[in-house]
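Okay, so here's the structure we're looking at.
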Amino acid sequence: MSYATQARPYAVAAYDIAQKNNRIEEWWRYLLAMRDILSFKKMKAYVSNPTVDLDQKIDVLQSICKDWLFDDAARFTRLLVENERLPAIDDICLIFQEKKEEASQKVRAVFMTAFELDVAQQNALVATISKKIGLNLQPEFSVDPDIIGGAVIRFNGNVLDISVRNQLAQLKQNLIR
C-alpha cells in the first residue's frame, strides 16, 4: 500500500530541514534506519498496537535508532508516531531520495525498451532524454518486448511513454472518435 500522499509533506519538511542545517546525509541514514527497523513484523505490530502508549513507542524507536538520532530526527520520530505516519516511512524515504537526487541533478530513471540496447544506443537514448527533460538521469535498463518499439522511461514519479504500443493506442483512440 502506498502512503505517498501522506508521506510527501513529511519527506519535504525533513529534506528542507536537512538542507537548511547541511545534514542531508545524516537525515538519509536516520530515515533508512527507521525504514529498516519498521520492516520487521514484530516492530510493525508493536508500533501499530493501540494499547501501547505513544511515549513508549517513541522511546523504543529512539533507543533503537540512537546511533543515527539527533535532535531534529528525535522530534521527527515523535511527530511520525503522534500523527500515526510510521506506515508511510517507505514513501518518506523514497520522496526524500528523489529530493536529494533532484538537488544533485542526478535522478534515477528506469528505461524500458522492446529489445536489448548496446552501450552506444543506451548512451544516446539517455543523452537525448536527459536533454529533453533537463535532468541528469542515472539509467537502469530493462527489456519488455510488449512495448513493440521505442521506450518507456520512469523517473521521479513521472512516465515518459514513447513506445510504439502507446502510439498505436493513441492512433486507435483517434480513429474511434
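Residues in the C-alpha cells are numbered from 1 in each chain, the chains being A, B, ... in the order shown, and ligands are numbered from 1 in the order shown.
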
All residues 7 Å or closer to Arg35 in chain A, only C-alpha atoms, same chain fewer than 4 positions away omitted, as a list in words: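 Everything that qualifies: Leu31, Ser39, Ile89 and Asp90 of chain A.
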
Dump as an mmCIF file, in the first residue's frame, selection limited to N, CA and C atoms:
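Below is the file again19.cif, written as the result:
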data_model
loop_
_atom_site.group_PDB
_atom_site.id
_atom_site.type_symbol
_atom_site.label_atom_id
_atom_site.label_comp_id
_atom_site.auth_asym_id
_atom_site.auth_seq_id
_atom_site.Cartn_x
_atom_site.Cartn_y
_atom_site.Cartn_z
ATOM 1 N N LEU A 31 16.645 8.090 8.248
ATOM 2 C CA LEU A 31 15.430 7.601 7.592
ATOM 3 C C LEU A 31 15.565 6.151 7.158
ATOM 4 N N SER A 39 10.585 -2.441 9.132
ATOM 5 C CA SER A 39 10.330 -3.526 8.188
ATOM 6 C C SER A 39 10.116 -4.864 8.904
ATOM 7 N N ILE A 89 6.739 5.363 6.153
ATOM 8 C CA ILE A 89 8.192 5.549 6.149
ATOM 9 C C ILE A 89 8.833 5.152 4.819
ATOM 10 N N ASP A 90 8.339 4.116 4.149
ATOM 11 C CA ASP A 90 8.906 3.730 2.852
ATOM 12 C C ASP A 90 8.757 4.861 1.839
#

task: Extract the full set of helix (DSSP H, G or I) residues from range 30-100 of chain A according to DSSP on the backbone, and format it as a ChimeraX atom specification.
output: /A:30-37,41-48,54-64,71-82,86-100

Which residues come within 9 Å of Tyr30 in chain A, counting only C-alpha atoms, excluding same-chain residues fewer than 5 positions away, as an mmCIF file with C-alpha atoms, in the first residue's frame?
data_model
loop_
_atom_site.group_PDB
_atom_site.id
_atom_site.type_symbol
_atom_site.label_atom_id
_atom_site.label_comp_id
_atom_site.auth_asym_id
_atom_site.auth_seq_id
_atom_site.Cartn_x
_atom_site.Cartn_y
_atom_site.Cartn_z
ATOM 1 C CA GLU A 25 23.396 12.522 4.670
ATOM 2 C CA ARG A 35 12.674 2.136 7.439
ATOM 3 C CA CYS A 65 17.899 4.487 16.420
ATOM 4 C CA ASP A 67 23.280 5.738 16.670
ATOM 5 C CA TRP A 68 21.547 7.778 13.956
ATOM 6 C CA LEU A 69 19.493 10.050 16.169
ATOM 7 C CA PHE A 70 19.988 13.790 16.592
ATOM 8 C CA ALA A 73 15.393 13.402 14.000
#

- prompt: Among range 100-136 of chain A, which ones does DSSP place in strand (DSSP E), written as a ChimeraX atom specification?
  reply: /A:106-113,136

- request: Might you pull out every residue within 10 Å of range 3-20 of chain A, with only C-alpha atoms counted and same-chain residues fewer than 5 positions away left off, and present them as JSON, numbers by chain?
  value: {"A": [25, 26, 27, 28, 31, 72, 73, 76, 79, 80, 85, 86, 87, 88, 89, 90, 91, 92, 93, 94, 95, 96, 97, 98, 99, 100, 103]}

message: Show me, as a ChimeraX atom specification, the residues that have an atom within 8 Å of range 126-143 of chain A when counting only C-alpha atoms, minus same-chain residues fewer than 2 positions from it.
response: /A:105-116,122-124,145
